[in-house]
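Just my_file_15.cif here, mmCIF, C-alpha atoms:
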```cif
data_start
loop_
_atom_site.label_atom_id
_atom_site.label_comp_id
_atom_site.auth_asym_id
_atom_site.auth_seq_id
_atom_site.Cartn_x
_atom_site.Cartn_y
_atom_site.Cartn_z
CA MET D 1 120.70 127.38 76.94
CA SER D 2 122.88 126.75 79.99
CA GLU D 3 119.85 126.46 82.29
CA LEU D 4 118.74 123.28 80.47
CA PRO D 5 119.38 120.14 82.50
CA LYS D 6 122.14 118.01 81.01
CA ALA D 7 121.07 115.20 78.73
CA ARG D 8 122.32 111.66 79.33
CA ILE D 9 123.85 109.57 76.59
CA ALA D 10 125.02 105.96 76.53
CA THR D 11 127.06 104.07 73.98
CA ALA D 12 127.81 100.44 73.19
CA SER D 13 129.96 98.54 70.73
CA LEU D 14 128.34 95.33 69.49
CA ALA D 15 129.67 93.42 66.46
CA GLY D 16 131.92 96.24 65.33
CA CYS D 17 135.62 97.05 65.34
CA PHE D 18 135.37 99.91 67.87
CA GLY D 19 136.27 102.25 65.03
CA CYS D 20 132.99 104.15 65.43
CA HIS D 21 133.84 104.82 69.07
CA MET D 22 137.22 106.07 67.92
CA ALA D 23 135.30 108.28 65.48
CA ILE D 24 133.33 109.71 68.44
CA LEU D 25 136.70 110.82 69.81
CA ASP D 26 137.40 112.44 66.41
CA ILE D 27 135.04 115.18 67.58
CA ASP D 28 138.31 116.42 69.14
CA GLU D 29 138.17 119.63 71.19
CA ARG D 30 134.46 119.99 70.49
CA LEU D 31 134.06 117.15 73.02
CA ILE D 32 134.41 119.86 75.66
CA GLU D 33 131.47 121.72 74.11
CA LEU D 34 129.50 118.47 73.91
CA MET D 35 130.25 117.56 77.52
CA LYS D 36 128.61 120.83 78.59
CA LEU D 37 125.39 119.42 77.16
CA VAL D 38 125.62 115.78 78.23
CA ASP D 39 126.57 113.32 80.92
CA VAL D 40 127.78 109.94 79.73
CA ASP D 41 126.08 106.98 81.35
CA ARG D 42 126.74 103.36 80.37
CA SER D 43 129.56 103.37 77.83
CA PRO D 44 133.00 101.89 77.16
CA LEU D 45 134.19 105.51 77.40
CA THR D 46 133.18 105.67 81.07
CA ASP D 47 133.60 101.94 81.69
CA LYS D 48 130.13 101.84 83.27
CA LYS D 49 128.72 98.37 82.55
CA ARG D 50 125.10 99.08 83.52
CA PHE D 51 122.61 101.89 83.11
CA THR D 52 122.39 104.06 86.22
CA GLN D 53 119.24 105.79 85.00
CA ARG D 54 117.17 106.42 81.89
CA CYS D 55 119.08 108.04 79.02
CA ASP D 56 118.05 110.49 76.33
CA ILE D 57 120.27 109.14 73.57
CA GLY D 58 121.77 105.70 73.05
CA ILE D 59 124.47 105.24 70.41
CA ILE D 60 125.04 101.77 69.01
CA GLU D 61 128.08 100.67 67.05
CA GLY D 62 127.98 97.30 65.29
CA GLY D 63 125.26 94.84 64.39
CA CYS D 64 124.17 91.72 66.26
CA CYS D 65 126.30 88.60 65.74
CA ASN D 66 125.67 86.85 69.08
CA GLU D 67 123.01 86.65 71.75
CA GLU D 68 124.85 89.02 74.08
CA ASN D 69 124.66 91.71 71.36
CA VAL D 70 120.88 91.18 71.23
CA HIS D 71 120.54 91.48 75.03
CA VAL D 72 122.60 94.68 75.09
CA LEU D 73 120.61 96.16 72.22
CA HIS D 74 117.29 95.37 73.91
CA ASP D 75 118.66 96.88 77.12
CA PHE D 76 119.55 100.08 75.23
CA ARG D 77 116.13 100.27 73.61
CA ARG D 78 114.49 99.91 77.03
CA HIS D 79 116.64 102.60 78.63
CA CYS D 80 117.02 105.17 75.84
CA ASP D 81 114.49 107.60 74.40
CA VAL D 82 116.33 107.94 71.12
CA LEU D 83 118.48 105.18 69.67
CA ILE D 84 121.11 105.94 67.03
CA ALA D 85 122.79 103.30 64.85
CA LEU D 86 126.31 104.60 64.24
CA GLY D 87 128.21 103.36 61.19
CA GLN D 88 127.78 100.69 58.54
CA CYS D 89 127.88 97.63 60.82
CA ALA D 90 125.01 98.91 62.98
CA ILE D 91 123.07 99.99 59.90
CA MET D 92 123.41 96.92 57.67
CA GLY D 93 125.68 94.41 59.41
CA GLY D 94 128.87 95.64 57.78
CA LEU D 95 131.95 93.46 57.57
CA PRO D 96 130.70 90.80 60.00
CA ALA D 97 127.69 90.32 57.70
CA MET D 98 130.06 88.95 55.07
CA ARG D 99 129.56 85.59 56.71
CA ASN D 100 125.85 85.68 55.86
CA ALA D 101 126.22 85.20 52.13
CA ILE D 102 129.70 85.31 50.74
CA MET D 103 130.66 81.85 51.93
CA HIS D 104 128.67 80.16 49.14
CA SER D 105 127.55 77.51 51.52
CA ASP D 106 124.36 76.04 52.93
CA ALA D 107 125.85 76.41 56.40
CA PRO D 108 127.82 79.67 56.20
CA LEU D 109 128.41 79.93 59.96
CA ARG D 110 129.85 76.41 60.20
CA GLU D 111 132.06 77.01 57.18
CA CYS D 112 133.22 80.35 58.56
CA LEU D 113 134.18 78.83 61.94
CA ASP D 114 135.87 75.82 60.30
CA GLU D 115 138.01 78.05 58.15
CA ALA D 116 138.84 80.39 61.02
CA TYR D 117 139.81 77.67 63.51
CA ILE D 118 140.43 74.36 61.73
CA THR D 119 140.90 74.25 57.97
CA GLY D 120 142.40 77.70 57.23
CA ARG D 121 145.89 77.51 55.68
CA TYR D 122 147.54 79.68 58.28
CA ILE D 123 145.79 78.31 61.36
CA ARG D 124 147.79 76.77 64.17
CA ASN D 125 145.19 75.32 66.51
CA THR D 126 146.46 72.31 68.43
CA THR D 127 143.01 71.36 69.79
CA HIS D 128 141.43 71.19 66.30
CA ASN D 129 138.25 72.52 67.87
CA VAL D 130 136.09 75.58 67.43
CA PRO D 131 136.14 77.43 70.81
CA ASN D 132 133.04 76.45 72.78
CA ASP D 133 133.64 77.65 76.31
CA PRO D 134 130.29 78.17 78.09
CA ALA D 135 131.33 81.75 78.87
CA LEU D 136 131.37 82.62 75.16
CA PRO D 137 128.13 84.15 73.91
CA LEU D 138 126.23 81.93 71.50
CA LEU D 139 126.66 83.01 67.90
CA LEU D 140 123.56 83.82 65.89
CA ASP D 141 122.87 82.07 62.59
CA GLU D 142 123.43 85.37 60.80
CA VAL D 143 124.64 88.86 61.56
CA TYR D 144 121.65 91.18 61.89
CA PRO D 145 121.50 94.95 61.42
CA CYS D 146 120.26 96.74 64.57
CA SER D 147 117.06 97.81 62.84
CA GLN D 148 116.06 94.16 62.40
CA VAL D 149 116.24 93.61 66.16
CA VAL D 150 114.82 96.81 67.68
CA GLU D 151 113.35 100.10 66.47
CA ILE D 152 116.15 102.48 65.47
CA ASP D 153 115.42 106.22 65.37
CA TYR D 154 118.39 107.59 63.45
CA GLN D 155 121.25 106.14 61.42
CA ILE D 156 124.58 107.91 60.96
CA PRO D 157 126.28 106.41 57.89
CA GLY D 158 130.01 106.00 57.33
CA CYS D 159 132.81 103.52 57.97
CA ALA D 160 133.66 105.06 60.25
CA PRO D 161 131.48 108.19 60.28
CA GLU D 162 133.49 111.39 60.47
CA GLY D 163 133.71 113.26 63.75
CA ASP D 164 131.96 116.19 62.04
CA ILE D 165 128.76 114.32 61.23
CA ILE D 166 128.64 112.75 64.72
CA PHE D 167 129.10 116.11 66.42
CA ASP D 168 126.67 117.85 64.10
CA THR D 169 123.96 115.21 64.61
CA LEU D 170 124.37 114.98 68.38
CA SER D 171 124.50 118.72 68.98
CA LYS D 172 121.43 119.29 66.79
CA LEU D 173 119.49 116.43 68.41
CA LEU D 174 120.35 117.73 71.88
CA THR D 175 119.08 121.20 71.06
CA GLY D 176 116.03 120.01 69.12
CA ARG D 177 117.31 121.33 65.81
CA PHE D 178 117.93 118.08 63.89
CA ARG D 179 116.25 118.19 60.47
CA GLY D 180 118.25 115.49 58.67
CA PHE D 181 121.84 115.37 57.51
CA GLU D 182 123.59 117.90 55.30
CA ARG D 183 123.98 116.04 52.01
CA GLU D 184 127.69 116.82 51.73
CA MET D 185 128.30 115.22 55.12
CA ILE D 186 127.11 111.77 54.12
CA ARG D 187 130.16 110.02 52.69
CA PHE D 188 133.09 107.73 53.42
CA ASP D 189 131.44 104.32 53.73
CA MET V 1 125.99 121.04 11.58
CA SER V 2 125.54 123.57 14.36
CA GLY V 3 123.71 125.80 11.89
CA THR V 4 121.07 123.17 11.19
CA LYS V 5 120.86 122.37 14.89
CA LYS V 6 119.93 125.95 15.65
CA GLU V 7 117.15 125.86 13.08
CA THR V 8 115.52 122.81 14.61
CA GLY V 9 116.02 123.86 18.23
CA PHE V 10 112.98 124.10 20.48
CA SER V 11 112.43 124.70 24.13
CA PHE V 12 110.80 122.82 26.99
CA THR V 13 111.04 123.17 30.76
CA ILE V 14 112.48 121.02 33.55
CA ASP V 15 111.21 122.10 36.98
CA GLY V 16 110.35 125.46 35.43
CA VAL V 17 113.84 126.03 33.96
CA GLU V 18 113.77 126.61 30.22
CA ILE V 19 115.90 124.11 28.30
CA THR V 20 116.81 124.20 24.63
CA ALA V 21 116.71 120.87 22.82
CA TYR V 22 117.26 119.75 19.25
CA ALA V 23 115.29 117.26 17.23
CA GLY V 24 116.20 113.70 18.20
CA GLN V 25 117.61 114.58 21.62
CA THR V 26 116.33 112.77 24.67
CA ILE V 27 115.22 114.69 27.74
CA MET V 28 118.42 113.66 29.53
CA GLU V 29 120.74 114.70 26.69
CA ALA V 30 119.17 118.14 26.56
CA ALA V 31 119.23 118.43 30.36
CA ASP V 32 122.92 117.44 30.52
CA GLU V 33 123.82 120.12 27.98
CA ALA V 34 121.86 122.71 29.90
CA GLY V 35 123.44 121.78 33.23
CA VAL V 36 120.41 120.10 34.81
CA TYR V 37 121.29 116.76 36.38
CA ILE V 38 118.85 113.90 36.17
CA PRO V 39 119.99 110.93 38.33
CA ARG V 40 120.85 107.79 36.32
CA LEU V 41 122.63 104.46 36.73
CA CYS V 42 122.22 102.35 33.58
CA ASP V 43 122.91 105.24 31.22
CA HIS V 44 126.49 106.16 30.43
CA GLN V 45 127.98 108.68 28.07
CA GLY V 46 129.02 107.10 24.79
CA LEU V 47 126.82 104.03 25.18
CA ARG V 48 123.42 103.45 23.63
CA HIS V 49 120.51 104.25 25.94
CA GLN V 50 118.77 101.33 27.60
CA GLY V 51 116.23 102.80 30.04
CA SER V 52 116.21 99.82 32.39
CA CYS V 53 117.22 101.12 35.83
CA ARG V 54 114.42 103.72 35.94
CA VAL V 55 116.40 105.93 38.32
CA CYS V 56 116.10 108.68 35.68
CA THR V 57 112.31 108.57 35.77
CA VAL V 58 110.82 112.04 35.34
CA LYS V 59 107.26 113.24 34.89
CA ALA V 60 106.62 114.55 31.40
CA GLY V 61 103.11 115.76 30.73
CA GLY V 62 102.02 114.02 33.94
CA ARG V 63 103.34 110.62 32.86
CA SER V 64 106.37 108.79 34.27
CA VAL V 65 109.00 108.30 31.57
CA ALA V 66 112.68 107.33 31.49
CA ALA V 67 114.51 110.57 30.71
CA CYS V 68 117.37 108.71 29.02
CA THR V 69 115.15 107.22 26.32
CA GLN V 70 112.24 109.68 26.06
CA PRO V 71 112.69 112.23 23.27
CA ALA V 72 112.29 115.84 24.34
CA ALA V 73 109.19 117.51 22.92
CA PRO V 74 108.52 121.22 22.31
CA GLY V 75 106.74 122.98 25.13
CA GLN V 76 106.82 119.93 27.40
CA ALA V 77 106.79 120.56 31.18
CA VAL V 78 109.10 118.02 32.81
CA GLU V 79 109.32 117.45 36.57
CA ASN V 80 112.66 116.18 37.87
CA GLU V 81 113.68 117.21 41.40
CA THR V 82 110.38 116.60 43.16
CA LYS V 83 109.89 114.97 46.53
CA HIS V 84 107.81 112.19 45.00
CA LEU V 85 110.29 111.35 42.23
CA ASN V 86 113.30 111.46 44.53
CA LYS V 87 111.56 109.16 46.99
CA MET V 88 110.83 106.71 44.20
CA ARG V 89 114.45 106.91 43.04
CA ARG V 90 115.66 106.37 46.59
CA ASP V 91 113.48 103.26 46.90
CA LEU V 92 114.84 101.92 43.60
CA VAL V 93 118.43 102.45 44.71
CA GLU V 94 117.69 100.97 48.12
CA MET V 95 116.25 97.84 46.51
CA LEU V 96 119.41 97.49 44.42
CA PHE V 97 121.43 97.51 47.65
CA HIS V 98 119.19 94.80 49.07
CA GLU V 99 119.17 92.63 45.98
CA GLY V 100 122.96 92.08 45.89
CA ASN V 101 125.72 92.05 48.50
CA HIS V 102 126.90 95.64 48.67
CA LEU V 103 129.43 95.97 51.48
CA CYS V 104 130.88 99.41 50.88
CA PRO V 105 133.61 99.22 53.56
CA ILE V 106 135.34 96.28 51.85
CA CYS V 107 134.68 97.32 48.26
CA GLU V 108 137.48 98.84 46.20
CA ALA V 109 134.92 100.88 44.28
CA SER V 110 133.88 102.70 47.47
CA GLY V 111 134.17 106.43 46.89
CA ASN V 112 134.14 105.89 43.11
CA CYS V 113 130.90 103.90 43.05
CA GLU V 114 127.90 105.43 41.32
CA LEU V 115 125.42 103.30 43.28
CA GLN V 116 126.92 104.47 46.59
CA ALA V 117 127.13 108.06 45.38
CA MET V 118 123.50 107.91 44.22
CA ALA V 119 122.44 106.68 47.66
CA TYR V 120 124.26 109.65 49.18
CA ARG V 121 122.71 112.10 46.73
CA LEU V 122 119.24 110.70 47.30
CA ASP V 123 119.75 110.82 51.08
CA MET V 124 119.31 107.11 51.75
CA THR V 125 119.76 107.38 55.51
CA GLU V 126 116.54 106.14 57.02
CA THR V 127 116.04 102.73 58.56
CA THR V 128 115.37 100.25 55.82
CA ARG V 129 111.96 98.69 55.27
CA PHE V 130 113.17 95.90 53.00
CA PRO V 131 114.80 92.55 53.82
CA TYR V 132 118.36 91.89 52.65
CA LEU V 133 118.20 89.09 50.07
CA GLU V 134 121.89 88.21 50.58
CA PRO V 135 122.19 86.02 47.49
CA CYS V 136 125.12 83.64 46.97
CA ARG V 137 126.80 84.89 43.83
CA ALA V 138 129.99 83.86 42.10
CA LEU V 139 133.40 85.49 42.09
CA ASP V 140 135.30 84.93 38.84
CA ALA V 141 139.01 85.61 39.26
CA SER V 142 140.09 83.31 36.42
CA HIS V 143 141.39 86.06 34.15
CA PRO V 144 144.99 87.17 34.82
CA ASP V 145 144.15 90.90 34.75
CA ILE V 146 140.43 91.14 35.49
CA ALA V 147 138.13 89.83 38.24
CA LEU V 148 134.35 89.80 38.39
CA ASP V 149 132.61 90.03 41.76
CA THR V 150 128.99 89.56 40.76
CA ASN V 151 127.83 90.15 44.34
CA ARG V 152 128.06 93.82 43.43
CA CYS V 153 126.46 93.64 39.98
CA ILE V 154 123.32 95.74 39.55
CA SER V 155 122.56 94.39 36.04
CA CYS V 156 122.74 97.84 34.47
CA GLY V 157 124.13 96.28 31.29
CA ARG V 158 126.69 99.02 30.66
CA CYS V 159 129.46 96.42 30.19
CA ILE V 160 127.23 94.53 27.72
CA ARG V 161 126.70 97.60 25.55
CA ALA V 162 130.35 98.70 25.82
CA SER V 163 131.59 95.26 24.83
CA GLN V 164 129.15 94.84 21.95
CA ASP V 165 129.07 98.34 20.52
CA VAL V 166 132.50 99.79 21.33
CA ASP V 167 134.81 96.77 21.57
CA GLY V 168 132.88 94.66 19.05
CA LYS V 169 133.35 91.58 21.22
CA GLY V 170 130.16 90.65 23.05
CA ILE V 171 131.90 89.31 26.14
CA PHE V 172 128.98 90.10 28.42
CA GLY V 173 125.30 89.36 28.02
CA TYR V 174 122.10 88.93 30.01
CA VAL V 175 120.93 85.46 31.05
CA GLY V 176 117.72 84.48 32.89
CA ARG V 177 114.48 86.37 33.32
CA GLY V 178 112.85 88.63 35.88
CA ILE V 179 114.64 88.85 39.22
CA HIS V 180 116.88 85.96 38.05
CA ARG V 181 118.23 88.00 35.15
CA ARG V 182 121.99 88.34 35.53
CA VAL V 183 124.95 89.53 33.55
CA ALA V 184 127.04 86.57 32.41
CA VAL V 185 130.19 86.11 30.33
CA ASN V 186 130.39 84.46 26.94
CA GLY V 187 132.25 81.37 28.14
CA GLU V 188 132.77 79.04 31.09
CA SER V 189 134.72 81.79 32.84
CA LEU V 190 136.18 85.18 31.98
CA ALA V 191 139.56 83.61 31.22
CA GLU V 192 137.96 81.66 28.36
CA THR V 193 136.66 84.79 26.67
CA ASP V 194 138.74 87.26 24.65
CA ALA V 195 138.41 89.94 27.33
CA GLU V 196 141.40 92.21 27.73
CA VAL V 197 142.09 94.78 30.40
CA SER V 198 142.36 97.43 27.65
CA ASP V 199 138.71 96.85 26.56
CA HIS V 200 136.34 99.77 26.97
CA ALA V 201 133.93 97.43 28.82
CA ILE V 202 136.62 96.82 31.47
CA SER V 203 137.60 100.48 31.81
CA LYS V 204 137.11 102.28 35.10
CA ASP V 205 134.01 104.26 34.18
CA VAL V 206 131.85 101.64 32.50
CA CYS V 207 131.01 99.48 35.53
CA PRO V 208 129.21 101.86 37.91
CA VAL V 209 129.88 99.58 40.92
CA GLY V 210 132.77 97.33 41.96
CA CYS V 211 131.80 94.28 39.92
CA ILE V 212 134.41 94.51 37.15
CA ILE V 213 137.75 94.77 38.90
CA ARG V 214 141.08 95.45 37.28
CA LYS V 215 143.61 93.47 39.25
CA ARG V 216 146.60 95.06 41.01
CA VAL V 217 145.20 98.60 40.97
CA GLY V 218 142.73 98.37 43.87
CA PHE V 219 142.60 101.02 46.59
CA VAL V 220 145.17 103.22 44.83
CA THR V 221 143.32 106.43 45.65
CA PRO V 222 143.29 107.38 49.34
CA ILE V 223 140.04 108.20 51.13
CA GLY V 224 139.32 111.89 50.67
CA GLU V 225 140.58 112.00 47.07
CA ARG V 226 138.19 109.55 45.44
CA GLU V 227 135.73 110.62 42.76
CA PHE V 228 132.72 111.30 44.97
CA ASP V 229 134.47 112.16 48.24
CA ASN V 230 134.16 115.89 47.74
CA GLY V 231 131.19 116.34 45.47
CA LEU V 232 127.78 114.80 44.93
CA ILE V 233 127.31 112.65 41.86
CA GLY V 234 126.17 114.90 39.03
CA HIS V 235 127.84 118.04 40.34
CA GLU V 236 130.00 118.34 37.23
CA ILE V 237 126.80 118.59 35.15
CA GLU V 238 125.16 121.02 37.57
CA GLU V 239 128.24 123.24 37.56
CA LYS V 240 127.60 124.02 33.86
CA ARG V 241 124.68 126.17 34.94
CA LYS V 242 126.66 128.26 37.40
#
```
Produce structure tokens that represent the structure in this file.
Amino acid sequence: MSELPKARIATASLAGCFGCHMAILDIDERLIELMKLVDVDRSPLTDKKRFTQRCDIGIIEGGCCNEENVHVLHDFRRHCDVLIALGQCAIMGGLPAMRNAIMHSDAPLRECLDEAYITGRYIRNTTHNVPNDPALPLLLDEVYPCSQVVEIDYQIPGCAPEGDIIFDTLSKLLTGRFRGFEREMIRFD
Amino acid sequence: MSGTKKETGFSFTIDGVEITAYAGQTIMEAADEAGVYIPRLCDHQGLRHQGSCRVCTVKAGGRSVAACTQPAAPGQAVENETKHLNKMRRDLVEMLFHEGNHLCPICEASGNCELQAMAYRLDMTETTRFPYLEPCRALDASHPDIALDTNRCISCGRCIRASQDVDGKGIFGYVGRGIHRRVAVNGESLAETDAEVSDHAISKDVCPVGCIIRKRVGFVTPIGEREFDNGLIGHEIEEKRK
């Protein structure tokens, strides 16, 4: 297999807690094995901010809560042959999606921001304003799962997914042997 | 009693496996005894059968029936673990996820939740084709020992049957029709009912999801030791066959 050219992978963290990227590191020493098969392009792990060339696999953590997330996700879809949604937030919005419905309000985003910055009991915000610097990405009305924004090829469930399922899926995809997950591996949401 | 049972016993098959059943047993009861697991959500041991979630749908004589309510019949050929049936079950479970607000990472039932475990068993890993309805539903924390987070309710009615038949109280009941049908409490709030934390309806196993919450005991079991962390739902039934 060593004569195969190395595959390229890219990763991004959108509206997530970076826990899924930590879970990628939970692959532990098998990372060495994985790195024999891949080069890492755009990713927080390499600190590359832009794609240098087309990638075979893109891994997305987190859903879309602002317009920058949407731009990044479109960029990944354009540059990656296979796109993987990693973890609950990328799959169904996860914790950030709590603001979609649980606020019991006609304007859940407004109520969420008011409580976080103005009316919350433990808030100390001397400006009494919701941050609105032009450099901040515009928030979306709702948090969207990745699959509602672009086509997603595979989803790896878990919060966060275990290192085992990430390694198993990636190594099988890279060698063309992926036939779905082992049932015992899908757990820990 | 066992003597008379033996006299009336008959056999039928599930996926080609011969099962012995006794008069009056449902397909699921006979399957459970024989160590064949049929997925289910609204059915629970010790409660009367309801047949509403349809996750236990099997093919008997070519017709789709709810295994928890359909009596077993001699010589019947029942299909259970088929690609078609499991796909239908997966769609049903997926729609339950979409109908409420099921956020596993923040739910104290995670790892002990039958809905979540069923999704795992049925391999619900593909990109969804349904929209999330994201309804606004109430949280009732009025009771000193019990909370109800109806965002997670799947209207299985297990608490209704447990409260009526086992506790003799009738704290829970259905209200509304069709997709608007919900489980409600017999009062303005739970605090105004005679619900007690010692009721069978409030016990850990009756609510399959994280809707009925016993206060001050959340997240006691660490990840890795929860009910479904190390075994698929139904494995304890399947182990009877081994």
Give me, please, the distance in Å between CA of Asn129 in chain D and CA of Ala15 in chain D, quoted to one decimal.
22.6 Å
Set the cut-off to 12 Å and count only C-alpha atoms: what are the residues of chain D that reach chain V? Output as a ChimeraX atom specification.
/D:83-108,142-162,180-189
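The smallest atom-to-atom distance between Asn69 in chain D and any of D:Cys112, D:Leu140, D:Met35, D:Val130, using only C-alpha atoms, is found for D:Leu140.
Evaluated against this file, the PyMOL selection byres ((chain V and resi 50-57) around 8) yields Ile38, Pro39, Arg40, Leu41, Cys42, Asp43, Arg48, His49, Val58, Lys59, Ser64, Val65, Ala66, Ala67, Cys68, Thr69, Asn80, Leu85, Arg89, Leu92, Val93 and Cys156 of chain V.
Distance-wise, CA of Leu37 in chain D and CA of Ala7 in chain D end up 6.2 Å apart.
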Neighbour list for Ala12 in chain D as a PyMOL selection string, cut-off 12 Å, all atoms listed in the file, skip fewer than 3 positions in-chain:
chain D and resi 9+15-21+24+40-51+57-64+68-77+83-86+90
Return range 222-240 of chain V, completed with N, CA and C atoms, as a compact mmCIF listing (two decimals), in the coordinates of the input.
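So the final result, stored in part.txt, reads:
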```
# COMPACT_ATOMS: atom_id res chain seq x y z
N PRO V 222 143.62 107.33 47.91
CA PRO V 222 143.29 107.38 49.34
C PRO V 222 141.92 108.00 49.60
N ILE V 223 141.33 107.62 50.72
CA ILE V 223 140.04 108.20 51.13
C ILE V 223 140.21 109.72 51.23
N GLY V 224 139.25 110.43 50.67
CA GLY V 224 139.32 111.89 50.67
C GLY V 224 139.64 112.43 49.29
N GLU V 225 140.24 111.55 48.41
CA GLU V 225 140.58 112.00 47.07
C GLU V 225 139.85 111.23 45.99
N ARG V 226 138.90 110.37 46.41
CA ARG V 226 138.19 109.55 45.44
C ARG V 226 137.12 110.39 44.75
N GLU V 227 136.57 109.83 43.67
CA GLU V 227 135.73 110.62 42.76
C GLU V 227 134.59 111.36 43.48
N PHE V 228 133.90 110.68 44.37
CA PHE V 228 132.72 111.30 44.97
C PHE V 228 132.95 111.74 46.42
N ASP V 229 134.21 111.78 46.85
CA ASP V 229 134.47 112.16 48.24
C ASP V 229 134.16 113.63 48.51
N ASN V 230 134.33 114.46 47.50
CA ASN V 230 134.16 115.89 47.74
C ASN V 230 133.14 116.55 46.83
N GLY V 231 132.24 115.76 46.30
CA GLY V 231 131.19 116.34 45.47
C GLY V 231 130.12 115.31 45.21
N LEU V 232 128.87 115.72 45.21
CA LEU V 232 127.78 114.80 44.93
C LEU V 232 127.88 114.31 43.50
N ILE V 233 127.35 113.13 43.23
CA ILE V 233 127.31 112.65 41.86
C ILE V 233 126.44 113.62 41.05
N GLY V 234 126.92 113.98 39.87
CA GLY V 234 126.17 114.90 39.03
C GLY V 234 126.58 116.35 39.18
N HIS V 235 127.50 116.63 40.12
CA HIS V 235 127.84 118.04 40.34
C HIS V 235 128.55 118.65 39.14
N GLU V 236 129.28 117.78 38.39
CA GLU V 236 130.00 118.34 37.23
C GLU V 236 129.02 118.79 36.15
N ILE V 237 127.83 118.15 36.09
CA ILE V 237 126.80 118.59 35.15
C ILE V 237 126.13 119.87 35.69
N GLU V 238 125.84 119.86 36.99
CA GLU V 238 125.16 121.02 37.57
C GLU V 238 126.02 122.27 37.53
N GLU V 239 127.35 122.07 37.56
CA GLU V 239 128.24 123.24 37.56
C GLU V 239 128.18 124.01 36.24
N LYS V 240 127.71 123.32 35.16
CA LYS V 240 127.60 124.02 33.86
C LYS V 240 126.65 125.20 33.93
```
